[in-house]
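Dumped model-v8.cif below, it's mmCIF, C-alpha atoms:
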```
data_run
loop_
_atom_site.label_atom_id
_atom_site.label_comp_id
_atom_site.auth_asym_id
_atom_site.auth_seq_id
_atom_site.Cartn_x
_atom_site.Cartn_y
_atom_site.Cartn_z
CA MET K 1 -21.12 119.31 147.45
CA ALA K 2 -22.25 122.67 148.76
CA THR K 3 -20.04 125.69 148.26
CA PRO K 4 -19.14 127.99 151.18
CA ALA K 5 -21.42 130.67 149.77
CA SER K 6 -24.32 131.52 152.04
CA ALA K 7 -27.82 130.45 151.10
CA LYS K 8 -28.89 134.04 150.54
CA ASP K 9 -26.26 134.48 147.83
CA LYS K 10 -27.25 131.43 145.80
CA ILE K 11 -30.28 129.35 144.92
CA THR K 12 -29.87 125.81 146.25
CA VAL K 13 -30.99 122.78 144.26
CA CYS K 14 -30.51 119.50 146.12
CA THR K 15 -30.77 116.21 144.22
CA ILE K 16 -30.73 112.59 145.39
CA ASP K 17 -30.40 109.80 142.85
CA ASP K 18 -28.98 106.29 142.60
CA LEU K 19 -25.40 106.84 141.47
CA SER K 20 -24.56 103.36 142.77
CA GLY K 21 -26.46 100.15 143.46
CA ASP K 22 -29.16 98.29 141.53
CA PHE K 23 -30.70 101.36 139.87
CA SER K 24 -27.56 103.34 139.02
CA ILE K 25 -27.65 102.47 135.31
CA MET K 26 -31.04 104.13 135.03
CA SER K 27 -30.53 107.04 137.41
CA THR K 28 -27.03 108.36 136.78
CA PRO K 29 -27.97 110.11 133.50
CA LYS K 30 -30.56 112.12 135.44
CA THR K 31 -27.73 113.74 137.39
CA TYR K 32 -26.11 114.61 134.06
CA GLY K 33 -29.31 116.41 133.09
CA TYR K 34 -29.30 118.37 136.35
CA LYS K 35 -25.68 119.42 135.89
CA LEU K 36 -26.20 120.53 132.29
CA ALA K 37 -29.25 122.64 133.18
CA VAL K 38 -27.48 124.29 136.11
CA LYS K 39 -24.42 125.03 133.96
CA GLU K 40 -26.54 126.64 131.26
CA ILE K 41 -28.44 128.79 133.75
CA ASN K 42 -25.28 129.86 135.57
CA ASP K 43 -23.33 130.51 132.34
CA ALA K 44 -26.18 132.83 131.31
CA GLY K 45 -25.72 134.84 134.52
CA GLY K 46 -28.14 133.10 136.84
CA ILE K 47 -31.67 134.06 137.79
CA GLU K 48 -32.90 137.41 139.07
CA VAL K 49 -34.71 136.98 142.39
CA ASP K 50 -35.27 139.53 145.14
CA GLY K 51 -33.72 142.18 142.92
CA LYS K 52 -30.42 140.36 142.52
CA LYS K 53 -28.95 137.90 140.02
CA LYS K 54 -28.21 134.62 141.76
CA LEU K 55 -26.43 131.50 140.60
CA ILE K 56 -27.66 127.99 141.33
CA ASP K 57 -25.71 125.84 143.76
CA LEU K 58 -26.29 122.18 142.85
CA ILE K 59 -25.82 119.70 145.69
CA SER K 60 -25.99 116.05 144.62
CA TYR K 61 -26.24 113.01 146.89
CA ASP K 62 -26.00 109.33 146.04
CA GLY K 63 -29.13 107.49 147.21
CA GLN K 64 -27.23 104.19 146.71
CA SER K 65 -30.46 102.41 145.64
CA ASP K 66 -31.36 102.34 149.35
CA VAL K 67 -34.83 103.54 150.37
CA LYS K 68 -33.79 104.38 153.94
CA ARG K 69 -30.97 106.56 152.70
CA TYR K 70 -33.46 108.66 150.72
CA GLN K 71 -35.18 109.64 153.93
CA GLU K 72 -31.85 110.57 155.54
CA MET K 73 -30.54 112.53 152.55
CA ALA K 74 -33.85 114.39 152.16
CA GLN K 75 -33.55 115.55 155.75
CA ARG K 76 -30.01 116.71 155.04
CA CYS K 77 -31.19 118.66 151.99
CA VAL K 78 -33.88 120.36 154.07
CA PHE K 79 -32.04 121.12 157.29
CA GLU K 80 -28.33 121.30 156.45
CA ASN K 81 -28.44 122.60 152.90
CA GLU K 82 -31.63 124.66 153.28
CA ALA K 83 -32.54 123.72 149.72
CA ASP K 84 -34.99 125.81 147.71
CA VAL K 85 -36.03 122.67 145.84
CA ILE K 86 -35.32 118.96 146.27
CA MET K 87 -35.40 116.49 143.38
CA ALA K 88 -35.17 112.84 144.35
CA GLY K 89 -35.87 109.22 143.60
CA TYR K 90 -36.06 106.60 140.89
CA THR K 91 -38.45 103.98 142.27
CA GLY K 92 -41.78 104.86 143.81
CA ALA K 93 -40.49 103.66 147.19
CA GLU K 94 -37.47 105.98 146.99
CA ARG K 95 -39.71 108.81 145.86
CA GLU K 96 -42.09 108.44 148.76
CA ALA K 97 -39.30 108.10 151.36
CA ALA K 98 -37.82 111.41 150.21
CA ARG K 99 -41.07 113.18 149.36
CA LYS K 100 -42.55 112.59 152.81
CA GLU K 101 -39.64 114.40 154.47
CA VAL K 102 -39.57 117.24 151.94
CA VAL K 103 -43.30 117.93 151.93
CA ARG K 104 -43.76 117.88 155.69
CA ASN K 105 -41.09 120.58 155.85
CA LYS K 106 -42.96 122.65 153.24
CA THR K 107 -40.26 122.51 150.59
CA ILE K 108 -40.83 122.06 146.85
CA TYR K 109 -40.25 118.49 145.67
CA TRP K 110 -39.80 117.12 142.12
CA HIS K 111 -39.82 113.55 140.79
CA ASN K 112 -38.25 113.45 137.36
CA ASN K 113 -38.99 110.18 135.66
CA GLN K 114 -42.18 108.43 134.73
CA GLY K 115 -44.39 107.52 137.67
CA GLU K 116 -47.74 105.95 138.40
CA GLY K 117 -49.40 109.39 138.34
CA GLY K 118 -52.22 110.78 140.43
CA ILE K 119 -50.20 112.42 143.23
CA ALA K 120 -52.06 115.59 144.14
CA ASP K 121 -49.89 117.42 146.66
CA HIS K 122 -49.31 121.16 147.05
CA TYR K 123 -45.50 120.87 147.21
CA SER K 124 -44.96 118.03 144.71
CA PHE K 125 -44.28 118.35 140.96
CA PHE K 126 -43.58 115.76 138.29
CA ALA K 127 -41.50 116.28 135.14
CA GLY K 128 -41.98 112.89 133.48
CA PRO K 129 -44.88 111.15 131.78
CA THR K 130 -47.82 109.51 133.55
CA PRO K 131 -49.48 106.19 132.64
CA GLU K 132 -52.35 107.94 130.88
CA GLN K 133 -49.71 109.45 128.57
CA GLN K 134 -47.84 106.18 128.00
CA VAL K 135 -49.99 103.18 128.90
CA LEU K 136 -53.38 104.22 127.52
CA PRO K 137 -52.36 105.26 123.97
CA ALA K 138 -49.69 102.58 123.55
CA ILE K 139 -51.82 99.64 124.74
CA GLU K 140 -54.57 100.85 122.40
CA TYR K 141 -52.03 100.75 119.56
CA MET K 142 -50.85 97.24 120.51
CA VAL K 143 -54.40 95.86 120.72
CA GLU K 144 -55.36 97.37 117.36
CA LYS K 145 -52.18 96.43 115.48
CA ILE K 146 -51.07 93.17 117.13
CA GLY K 147 -54.03 91.59 118.92
CA PRO K 148 -56.20 91.73 122.08
CA ARG K 149 -54.66 89.00 124.29
CA MET K 150 -51.82 90.00 126.61
CA THR K 151 -49.83 88.83 129.65
CA PHE K 152 -48.40 91.15 132.35
CA ILE K 153 -45.30 90.69 134.53
CA GLY K 154 -43.84 93.35 136.79
CA ALA K 155 -41.80 94.20 139.86
CA ASP K 156 -43.69 93.80 143.12
CA TYR K 157 -43.82 97.39 144.39
CA ASN K 158 -46.11 100.39 144.21
CA PHE K 159 -45.17 101.66 140.73
CA CYS K 160 -45.58 98.37 138.85
CA ARG K 161 -48.69 97.44 140.86
CA ALA K 162 -50.19 100.74 139.76
CA ILE K 163 -49.04 100.17 136.18
CA GLY K 164 -50.89 96.85 136.37
CA GLN K 165 -54.08 98.78 137.21
CA TRP K 166 -53.48 101.18 134.32
CA VAL K 167 -52.89 98.26 131.94
CA ARG K 168 -56.18 96.67 133.02
CA VAL K 169 -57.97 99.96 132.32
CA ALA K 170 -56.17 100.37 128.99
CA ALA K 171 -57.05 96.80 127.99
CA GLY K 172 -60.68 97.36 128.94
CA LEU K 173 -60.94 100.62 127.03
CA ALA K 174 -59.27 99.13 123.96
CA GLY K 175 -61.14 95.81 123.96
CA GLY K 176 -58.15 93.75 125.08
CA LYS K 177 -57.82 91.00 127.67
CA ILE K 178 -55.12 90.21 130.24
CA GLU K 179 -54.63 86.43 130.33
CA MET K 180 -51.96 86.36 133.06
CA GLU K 181 -50.74 88.90 135.64
CA GLU K 182 -47.83 88.25 138.02
CA TYR K 183 -45.44 90.31 140.20
CA PHE K 184 -41.90 89.47 141.33
CA PRO K 185 -39.39 90.79 143.95
CA PHE K 186 -36.60 93.06 142.68
CA GLY K 187 -33.88 90.41 143.06
CA VAL K 188 -35.47 87.88 140.70
CA SER K 189 -33.13 87.14 137.79
CA GLN K 190 -34.09 83.60 136.75
CA TRP K 191 -37.11 83.52 134.48
CA GLN K 192 -37.40 80.09 132.88
CA ALA K 193 -40.60 79.10 134.74
CA THR K 194 -42.28 82.39 133.79
CA ILE K 195 -41.11 82.09 130.19
CA ASP K 196 -42.62 78.61 129.99
CA LYS K 197 -45.88 79.90 131.45
CA ILE K 198 -46.11 82.71 128.88
CA LYS K 199 -45.41 80.21 126.11
CA GLY K 200 -48.34 78.17 127.39
CA VAL K 201 -50.69 81.16 127.34
CA LYS K 202 -49.64 82.14 123.79
CA PRO K 203 -50.63 85.83 124.07
CA ASP K 204 -50.63 88.24 121.16
CA PHE K 205 -48.18 90.38 123.11
CA GLN K 206 -46.61 90.71 126.54
CA VAL K 207 -46.65 93.74 128.87
CA HIS K 208 -43.63 94.22 131.14
CA CYS K 209 -42.82 96.43 134.11
CA LEU K 210 -39.42 94.91 134.92
CA VAL K 211 -37.23 97.16 137.07
CA GLY K 212 -33.55 97.00 137.96
CA ALA K 213 -30.47 95.17 136.71
CA ASP K 214 -31.66 91.73 137.87
CA GLN K 215 -35.17 91.65 136.43
CA VAL K 216 -34.18 92.68 132.93
CA GLN K 217 -32.23 89.42 132.64
CA PHE K 218 -35.62 88.20 131.38
CA TYR K 219 -34.74 89.40 127.89
CA PRO K 220 -31.65 87.36 127.01
CA GLN K 221 -33.21 84.33 128.74
CA ALA K 222 -36.43 84.69 126.75
CA GLN K 223 -34.48 85.03 123.52
CA ALA K 224 -32.43 81.92 124.35
CA ALA K 225 -35.64 80.02 125.12
CA GLY K 226 -37.23 80.97 121.81
CA LEU K 227 -39.94 83.26 123.21
CA LYS K 228 -40.48 85.75 120.40
CA THR K 229 -43.90 87.18 121.32
CA PRO K 230 -43.94 91.00 120.96
CA VAL K 231 -43.44 92.94 124.20
CA TRP K 232 -44.57 96.39 125.37
CA SER K 233 -42.88 98.15 128.31
CA ASN K 234 -42.86 101.70 129.61
CA VAL K 235 -39.60 101.25 131.56
CA THR K 236 -37.34 99.06 129.43
CA ILE K 237 -35.16 101.09 127.02
CA SER K 238 -36.57 104.40 128.31
CA ASP K 239 -34.83 103.86 131.65
CA GLY K 240 -32.10 101.27 131.28
CA TYR K 241 -31.23 101.39 127.54
CA GLU K 242 -31.09 97.60 127.48
CA HIS K 243 -30.82 97.62 123.69
CA LYS K 244 -27.29 98.98 124.19
CA ARG K 245 -26.45 96.60 127.05
CA PHE K 246 -27.66 93.26 125.69
CA ALA K 247 -26.54 91.52 122.52
CA PRO K 248 -29.00 91.53 119.59
CA PRO K 249 -31.59 90.21 119.08
CA SER K 250 -32.46 89.89 122.82
CA LEU K 251 -34.91 92.80 122.70
CA ALA K 252 -36.18 92.47 119.15
CA ASN K 253 -39.89 93.23 118.76
CA LEU K 254 -40.06 95.26 121.99
CA TYR K 255 -42.26 98.38 121.86
CA VAL K 256 -41.54 101.33 124.17
CA PRO K 257 -43.41 104.67 124.67
CA PRO K 258 -40.92 107.23 126.06
CA GLY K 259 -41.48 110.90 126.60
CA TYR K 260 -37.84 111.16 125.60
CA ILE K 261 -34.84 109.04 124.59
CA GLU K 262 -31.92 110.09 122.41
CA ASP K 263 -33.56 108.49 119.34
CA VAL K 264 -36.41 111.03 119.47
CA PRO K 265 -36.20 113.06 116.24
CA GLY K 266 -35.87 116.83 116.04
CA GLU K 267 -33.27 119.54 116.44
CA ALA K 268 -33.93 120.01 120.17
CA SER K 269 -33.22 116.33 120.77
CA LYS K 270 -30.02 116.36 118.72
CA ALA K 271 -28.78 119.47 120.51
CA PHE K 272 -29.51 118.00 123.93
CA VAL K 273 -27.68 114.75 123.15
CA ALA K 274 -24.68 116.70 121.86
CA LYS K 275 -24.53 118.85 124.99
CA ILE K 276 -24.82 115.87 127.35
CA ARG K 277 -22.05 114.02 125.52
CA ALA K 278 -19.84 117.12 125.47
CA MET K 279 -20.05 117.31 129.28
CA PHE K 280 -20.12 113.54 129.90
CA PRO K 281 -18.31 111.80 127.02
CA SER K 282 -18.69 108.31 128.50
CA THR K 283 -22.52 108.49 128.47
CA PRO K 284 -23.68 105.17 126.94
CA TYR K 285 -27.17 106.45 126.11
CA VAL K 286 -29.13 109.63 126.81
CA ASN K 287 -32.22 108.22 128.47
CA GLU K 288 -35.56 109.62 129.60
CA HIS K 289 -34.19 110.54 133.03
CA ALA K 290 -31.46 112.77 131.62
CA ALA K 291 -34.06 114.80 129.76
CA PHE K 292 -36.54 115.17 132.59
CA GLY K 293 -33.87 116.01 135.17
CA TYR K 294 -32.77 118.78 132.80
CA VAL K 295 -36.36 119.90 132.19
CA ALA K 296 -37.17 120.08 135.92
CA VAL K 297 -34.28 122.43 136.67
CA LYS K 298 -35.13 124.59 133.66
CA ALA K 299 -38.79 124.76 134.75
CA MET K 300 -37.77 125.80 138.25
CA GLY K 301 -35.55 128.47 136.72
CA GLU K 302 -38.50 129.84 134.76
CA ALA K 303 -40.70 129.72 137.86
CA TRP K 304 -38.18 131.60 140.02
CA LYS K 305 -37.75 134.15 137.24
CA LYS K 306 -41.51 134.62 136.95
CA ALA K 307 -41.99 134.83 140.71
CA GLY K 308 -38.99 137.13 141.13
CA SER K 309 -38.37 135.20 144.31
CA THR K 310 -37.40 131.82 145.75
CA ASP K 311 -40.21 132.09 148.29
CA THR K 312 -41.92 128.70 148.28
CA GLU K 313 -45.51 129.89 147.89
CA LYS K 314 -44.66 132.47 145.22
CA THR K 315 -42.70 129.85 143.30
CA ILE K 316 -45.56 127.32 143.51
CA ALA K 317 -47.95 129.99 142.21
CA ALA K 318 -45.59 130.55 139.27
CA LEU K 319 -45.37 126.80 138.59
CA GLU K 320 -49.16 126.63 138.64
CA SER K 321 -49.35 129.24 135.88
CA ASP K 322 -48.45 126.59 133.25
CA ILE K 323 -44.68 127.05 132.89
CA SER K 324 -43.74 126.23 129.28
CA LEU K 325 -40.46 124.98 127.79
CA PRO K 326 -40.98 125.05 124.01
CA ASP K 327 -37.46 123.74 123.27
CA ALA K 328 -37.40 120.81 125.72
CA PRO K 329 -35.43 117.78 124.44
CA GLY K 330 -38.55 115.78 123.52
CA GLY K 331 -40.45 118.74 122.10
CA PRO K 332 -42.73 121.29 123.81
CA TRP K 333 -43.21 120.60 127.53
CA ILE K 334 -45.72 122.39 129.78
CA MET K 335 -46.17 122.05 133.53
CA ARG K 336 -49.94 121.98 133.94
CA GLY K 337 -50.64 123.90 137.12
CA LYS K 338 -54.01 122.27 137.77
CA GLN K 339 -52.34 118.85 137.73
CA HIS K 340 -48.73 119.40 138.90
CA HIS K 341 -47.88 117.02 136.05
CA ALA K 342 -46.66 117.95 132.57
CA ALA K 343 -48.01 117.87 129.03
CA MET K 344 -45.49 116.47 126.55
CA HIS K 345 -45.06 114.41 123.42
CA THR K 346 -45.14 110.63 123.72
CA TYR K 347 -43.37 108.49 121.14
CA LEU K 348 -43.70 104.79 120.31
CA PHE K 349 -40.55 102.95 119.23
CA LYS K 350 -39.94 99.37 118.18
CA VAL K 351 -36.64 97.56 118.73
CA LYS K 352 -35.42 95.93 115.50
CA GLU K 353 -33.40 92.71 115.18
CA ASP K 354 -30.11 94.62 115.26
CA HIS K 355 -31.28 96.66 118.31
CA THR K 356 -31.65 99.90 116.43
CA LEU K 357 -34.91 101.70 117.18
CA GLU K 358 -37.67 102.37 114.69
CA LEU K 359 -40.08 105.24 115.39
CA VAL K 360 -43.48 103.60 114.95
CA SER K 361 -45.62 106.57 115.93
CA ASP K 362 -45.52 110.04 117.42
CA LEU K 363 -48.50 109.70 119.74
CA GLY K 364 -48.74 113.46 119.86
CA MET K 365 -48.87 116.05 122.61
CA THR K 366 -50.33 114.08 125.51
CA GLU K 367 -52.01 115.80 128.44
CA PRO K 368 -52.09 114.68 132.09
CA GLN K 369 -55.87 114.74 132.47
CA PHE K 370 -56.49 112.07 135.10
CA LEU K 371 -56.74 114.37 138.13
CA THR K 372 -58.96 116.83 136.28
CA SER K 373 -61.23 113.98 135.16
CA ILE K 374 -61.96 113.08 138.79
CA GLY K 375 -62.52 116.69 139.87
CA VAL K 376 -59.10 117.70 141.23
CA ASP K 377 -57.77 121.21 140.53
CA MET K 378 -54.49 121.84 142.33
CA THR K 379 -54.76 125.60 141.85
CA LYS K 380 -57.89 125.60 144.00
CA LYS K 381 -57.32 122.84 146.54
CA ALA K 382 -54.64 120.21 147.00
CA PRO K 383 -56.08 116.96 148.40
CA ASN K 384 -52.53 115.96 149.45
CA ARG K 385 -52.99 112.32 148.52
CA GLN K 386 -52.48 109.99 145.58
CA PHE K 387 -55.29 108.97 143.25
CA LEU K 388 -55.12 105.78 141.15
CA PRO K 389 -57.41 104.17 138.53
CA PRO K 390 -59.90 102.81 141.14
CA ASP K 391 -60.64 106.45 142.05
CA ASN K 392 -62.30 106.93 138.67
CA PRO K 393 -65.79 105.41 139.06
CA GLU K 394 -66.08 104.86 135.30
CA TRP K 395 -63.08 102.51 135.36
CA LYS K 396 -64.05 100.19 138.19
CA LYS K 397 -65.61 97.69 135.78
CA TYR K 398 -62.18 97.19 134.19
CA LEU K 399 -60.46 96.60 137.55
CA ALA K 400 -62.72 93.87 138.95
CA PRO K 401 -60.85 90.59 139.53
#
```

Using structure tokens, write down the structure that the file contains.
Amino acid sequence: MATPASAKDKITVCTIDDLSGDFSIMSTPKTYGYKLAVKEINDAGGIEVDGKKKLIDLISYDGQSDVKRYQEMAQRCVFENEADVIMAGYTGAEREAARKEVVRNKTIYWHNNQGEGGIADHYSFFAGPTPEQQVLPAIEYMVEKIGPRMTFIGADYNFCRAIGQWVRVAAGLAGGKIEMEEYFPFGVSQWQATIDKIKGVKPDFQVHCLVGADQVQFYPQAQAAGLKTPVWSNVTISDGYEHKRFAPPSLANLYVPPGYIEDVPGEASKAFVAKIRAMFPSTPYVNEHAAFGYVAVKAMGEAWKKAGSTDTEKTIAALESDISLPDAPGGPWIMRGKQHHAAMHTYLFKVKEDHTLELVSDLGMTEPQFLTSIGVDMTKKAPNRQFLPPDNPEWKKYLAP
């Protein structure tokens, strides 16, 4: 919690994540990333702003996997803690509950895991990958290497609904076809009827956007039922490291496109994993959230340093100057000021029979170009709304029912 030090003596970072409840498995490592970044910055003497070196005061709240609580805790971060930046949310619903409160009080907000993309807001920044960085290149790979026919199942909320749109676009661009598309409430944990339906369709591969501890029960049930069709997902493994939680071969033949997981090769990745485990020895797996929580704090540190101030507008101007972290855990990471989203490497892994991960492809340095492609430049004007695939006129033909 907050220290007695006055706000003017320290820089305040306020975070809200699911440390308990349905999404805690995915979200808790993000808090580890925050704590590591803050420790490194403070151990190095802090950040010079307003002519004085200041340490970061990290205040962390448990969102308890409860959307309403995100709204309440965001208000506390703004009014009680007088935070210089607020980082909050796992699901899109949690994100929007917190972001609404933060933005209307003209405070900088960060969301630090993959999202549906397209949010163009003056105060909002995004550390993780967007669907154009994960869905588009990976679905193209799956269509070319495995086959064009696919099924889609996902959680029934804004993120997975948007991912469904991105998958339809990706399938259209790559010459693929979605044979079945269905959405399910978070609490669904029994999947036999859906498994039977997929068996009847006989797709070349499946696409999943299953979220939370209940929905991922699909995997052991599918394995028990003999459904062995390859699967692609941008949330499984990257978020919930199910390959460590379920017995092999439940997730065999699953393809995942993270911006970071601990299996990403390279010295920066190895060093990050070692530092996380040194601070948090019981960490079962260093997931995407750990890396992008860490990256977000580091990027804010660079922005405050560049601005020489924690003033909101000066800091946003610094963030919009393309803040670069060349030694980020997943490789070079750059906040693109025109987009408020980041350029980063995307990787494609395949889960093997024994649940080890095979790096299939480094998809390269992927750019968040969607907003630019539809004429949005955040450095000139912030529309303060979210754009999704239907906002690109060239893609409407792929989205027709």

Exercise for the section: For region 283-287 of chain K, please output as a PyMOL selection string all residues within 10 Å (counting all atoms listed in the file; exclusion window: fewer than 5 positions along the same chain). Expected result: chain K and resi 25-30+32-33+237-245+258-263+269+272-274+276-278+292

Could the residues in this selection be saved with C-alpha atoms as a PDB file, in the frame of the given file?
```
ATOM      1  CA  ILE K  25     -27.650 102.470 135.310  1.00  0.00           C
ATOM      2  CA  MET K  26     -31.040 104.130 135.030  1.00  0.00           C
ATOM      3  CA  SER K  27     -30.530 107.040 137.410  1.00  0.00           C
ATOM      4  CA  THR K  28     -27.030 108.360 136.780  1.00  0.00           C
ATOM      5  CA  PRO K  29     -27.970 110.110 133.500  1.00  0.00           C
ATOM      6  CA  LYS K  30     -30.560 112.120 135.440  1.00  0.00           C
ATOM      7  CA  TYR K  32     -26.110 114.610 134.060  1.00  0.00           C
ATOM      8  CA  GLY K  33     -29.310 116.410 133.090  1.00  0.00           C
ATOM      9  CA  ILE K 237     -35.160 101.090 127.020  1.00  0.00           C
ATOM     10  CA  SER K 238     -36.570 104.400 128.310  1.00  0.00           C
ATOM     11  CA  ASP K 239     -34.830 103.860 131.650  1.00  0.00           C
ATOM     12  CA  GLY K 240     -32.100 101.270 131.280  1.00  0.00           C
ATOM     13  CA  TYR K 241     -31.230 101.390 127.540  1.00  0.00           C
ATOM     14  CA  GLU K 242     -31.090  97.600 127.480  1.00  0.00           C
ATOM     15  CA  HIS K 243     -30.820  97.620 123.690  1.00  0.00           C
ATOM     16  CA  LYS K 244     -27.290  98.980 124.190  1.00  0.00           C
ATOM     17  CA  ARG K 245     -26.450  96.600 127.050  1.00  0.00           C
ATOM     18  CA  PRO K 258     -40.920 107.230 126.060  1.00  0.00           C
ATOM     19  CA  GLY K 259     -41.480 110.900 126.600  1.00  0.00           C
ATOM     20  CA  TYR K 260     -37.840 111.160 125.600  1.00  0.00           C
ATOM     21  CA  ILE K 261     -34.840 109.040 124.590  1.00  0.00           C
ATOM     22  CA  GLU K 262     -31.920 110.090 122.410  1.00  0.00           C
ATOM     23  CA  ASP K 263     -33.560 108.490 119.340  1.00  0.00           C
ATOM     24  CA  SER K 269     -33.220 116.330 120.770  1.00  0.00           C
ATOM     25  CA  PHE K 272     -29.510 118.000 123.930  1.00  0.00           C
ATOM     26  CA  VAL K 273     -27.680 114.750 123.150  1.00  0.00           C
ATOM     27  CA  ALA K 274     -24.680 116.700 121.860  1.00  0.00           C
ATOM     28  CA  ILE K 276     -24.820 115.870 127.350  1.00  0.00           C
ATOM     29  CA  ARG K 277     -22.050 114.020 125.520  1.00  0.00           C
ATOM     30  CA  ALA K 278     -19.840 117.120 125.470  1.00  0.00           C
ATOM     31  CA  PHE K 292     -36.540 115.170 132.590  1.00  0.00           C
TER      32      PHE K 292
END
```

Which region 103-189 of chain K residues have any atom within 12 Å of an atom of region 306-318 of chain K, and for each, what is the nearest pair of atoms with distance in Å to one decimal, counting all atoms listed in the file, rows sorted by chain and number, as CSV?
```
residue,atom,partner,partner_atom,distance
K:Val103,CA,K:Thr312,CA,11.5
K:Asn105,CA,K:Thr312,CA,11.1
K:Lys106,CA,K:Thr312,CA,7.9
K:Thr107,CA,K:Thr312,CA,6.8
K:Ile108,CA,K:Thr312,CA,6.9
K:Tyr109,CA,K:Ile316,CA,10.5
K:Trp110,CA,K:Ile316,CA,11.8
K:Asp121,CA,K:Ile316,CA,11.3
K:His122,CA,K:Ile316,CA,8.0
K:Tyr123,CA,K:Ile316,CA,7.4
K:Ser124,CA,K:Ile316,CA,9.4
K:Phe125,CA,K:Ile316,CA,9.4
```

Keeping C-alpha atoms, export the residues of the selection given above as a short mmCIF file (atom, residue, chain, number, x, y, z; two decimals), keeping the file's coordinate frame.
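Okay, this is what ended up in again-v8.cif:
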```
data_model
loop_
_atom_site.label_atom_id
_atom_site.label_comp_id
_atom_site.auth_asym_id
_atom_site.auth_seq_id
_atom_site.Cartn_x
_atom_site.Cartn_y
_atom_site.Cartn_z
CA VAL K 103 -43.30 117.93 151.93
CA ASN K 105 -41.09 120.58 155.85
CA LYS K 106 -42.96 122.65 153.24
CA THR K 107 -40.26 122.51 150.59
CA ILE K 108 -40.83 122.06 146.85
CA TYR K 109 -40.25 118.49 145.67
CA TRP K 110 -39.80 117.12 142.12
CA ASP K 121 -49.89 117.42 146.66
CA HIS K 122 -49.31 121.16 147.05
CA TYR K 123 -45.50 120.87 147.21
CA SER K 124 -44.96 118.03 144.71
CA PHE K 125 -44.28 118.35 140.96
#
```

Selection result of the PyMOL selection byres ((chain K and resi 51-53) around 10) on this file, as a list of chain:residue names
K:Asp9, K:Lys10, K:Ile11, K:Asn42, K:Gly45, K:Gly46, K:Ile47, K:Glu48, K:Val49, K:Asp50, K:Lys54, K:Leu55, K:Lys305, K:Gly308, K:Ser309

### Message
Can you spell out as a PyMOL selection string the set of residues that the PyMOL selection byres ((chain K and resi 131) around 8) selects in the structure I just provided?
### Response
chain K and resi 114-117+129-130+132-136+163+166

Expected file contents, prior selection, C-alpha atoms, as a CSV table (one decimal), keeping the file's coordinate frame:
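The file below, part.csv, is the result:
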```
chain,number,residue,atom,x,y,z
K,114,GLN,CA,-42.2,108.4,134.7
K,115,GLY,CA,-44.4,107.5,137.7
K,116,GLU,CA,-47.7,106.0,138.4
K,117,GLY,CA,-49.4,109.4,138.3
K,129,PRO,CA,-44.9,111.2,131.8
K,130,THR,CA,-47.8,109.5,133.6
K,132,GLU,CA,-52.4,107.9,130.9
K,133,GLN,CA,-49.7,109.4,128.6
K,134,GLN,CA,-47.8,106.2,128.0
K,135,VAL,CA,-50.0,103.2,128.9
K,136,LEU,CA,-53.4,104.2,127.5
K,163,ILE,CA,-49.0,100.2,136.2
K,166,TRP,CA,-53.5,101.2,134.3
```

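Ranking K:Leu363, K:Ala290, K:Met73, K:Val85 by their shortest atom-to-atom distance to Phe349 (chain K), with all atoms listed in the file included, puts K:Leu363 first.
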
- Item | Residues in the PyMOL selection byres ((chain K and resi 17) around 6), expressed as a PyMOL selection string | chain K and resi 16+18-19+62-63+88-89

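Distances here use only C-alpha atoms; by that measure, the residue among K:Ala93, K:Ala343, K:Ala171, K:Val102 closest to Phe79 (chain K) is K:Val102.
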
Every residue with an atom at most 7 Å from (-41.9, 92.7, 119.8) (file coordinates; all atoms listed in the file) is what I'm after, so could you write them as a PDB file with C-alpha atoms, keeping the file's coordinate frame?
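Done, and the output landed in point23.pdb:
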```
ATOM      1  CA  THR K 229     -43.900  87.180 121.320  1.00  0.00           C
ATOM      2  CA  PRO K 230     -43.940  91.000 120.960  1.00  0.00           C
ATOM      3  CA  VAL K 231     -43.440  92.940 124.200  1.00  0.00           C
ATOM      4  CA  ALA K 252     -36.180  92.470 119.150  1.00  0.00           C
ATOM      5  CA  ASN K 253     -39.890  93.230 118.760  1.00  0.00           C
ATOM      6  CA  LEU K 254     -40.060  95.260 121.990  1.00  0.00           C
ATOM      7  CA  TYR K 255     -42.260  98.380 121.860  1.00  0.00           C
TER       8      TYR K 255
END
```

Between CA of Cys77 (chain K) and CA of Ile323 (chain K), distance in Å (one decimal):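 These two atoms are separated by 24.8 Å.
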
Item to check | Closest of K:Tyr34, K:Phe205, K:Phe184, K:Tyr398 to Thr151 (chain K) - atom-to-atom distances counting only C-alpha atoms | outcome: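 Going through K:Tyr34, K:Phe205, K:Phe184, K:Tyr398 one by one, the smallest distance to Thr151 (chain K) is for K:Phe205.
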
Counting only C-alpha atoms, closest pick from K:Gly154, K:Gly176, K:Gly21, K:Gly212 relative to Thr91 (chain K) is K:Gly212

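Separating CA of Arg161 (chain K) from CA of Cys209 (chain K) is a distance of 9.0 Å.
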
Judged by only C-alpha atoms, the minimum distance to Pro332 (chain K) among K:Ser373, K:Ala120, K:Trp232, K:Gly266 is found for K:Gly266

task: Please provide as an MDAnalysis selection string all residues within 9 Å of region 185-200 of chain K, with the sequence filter that same-chain residues fewer than 5 positions apart are discarded (counting all atoms listed in the file).
output: chainID K and resid 151 153:157 180 206 210:218 221:222 225 227 229
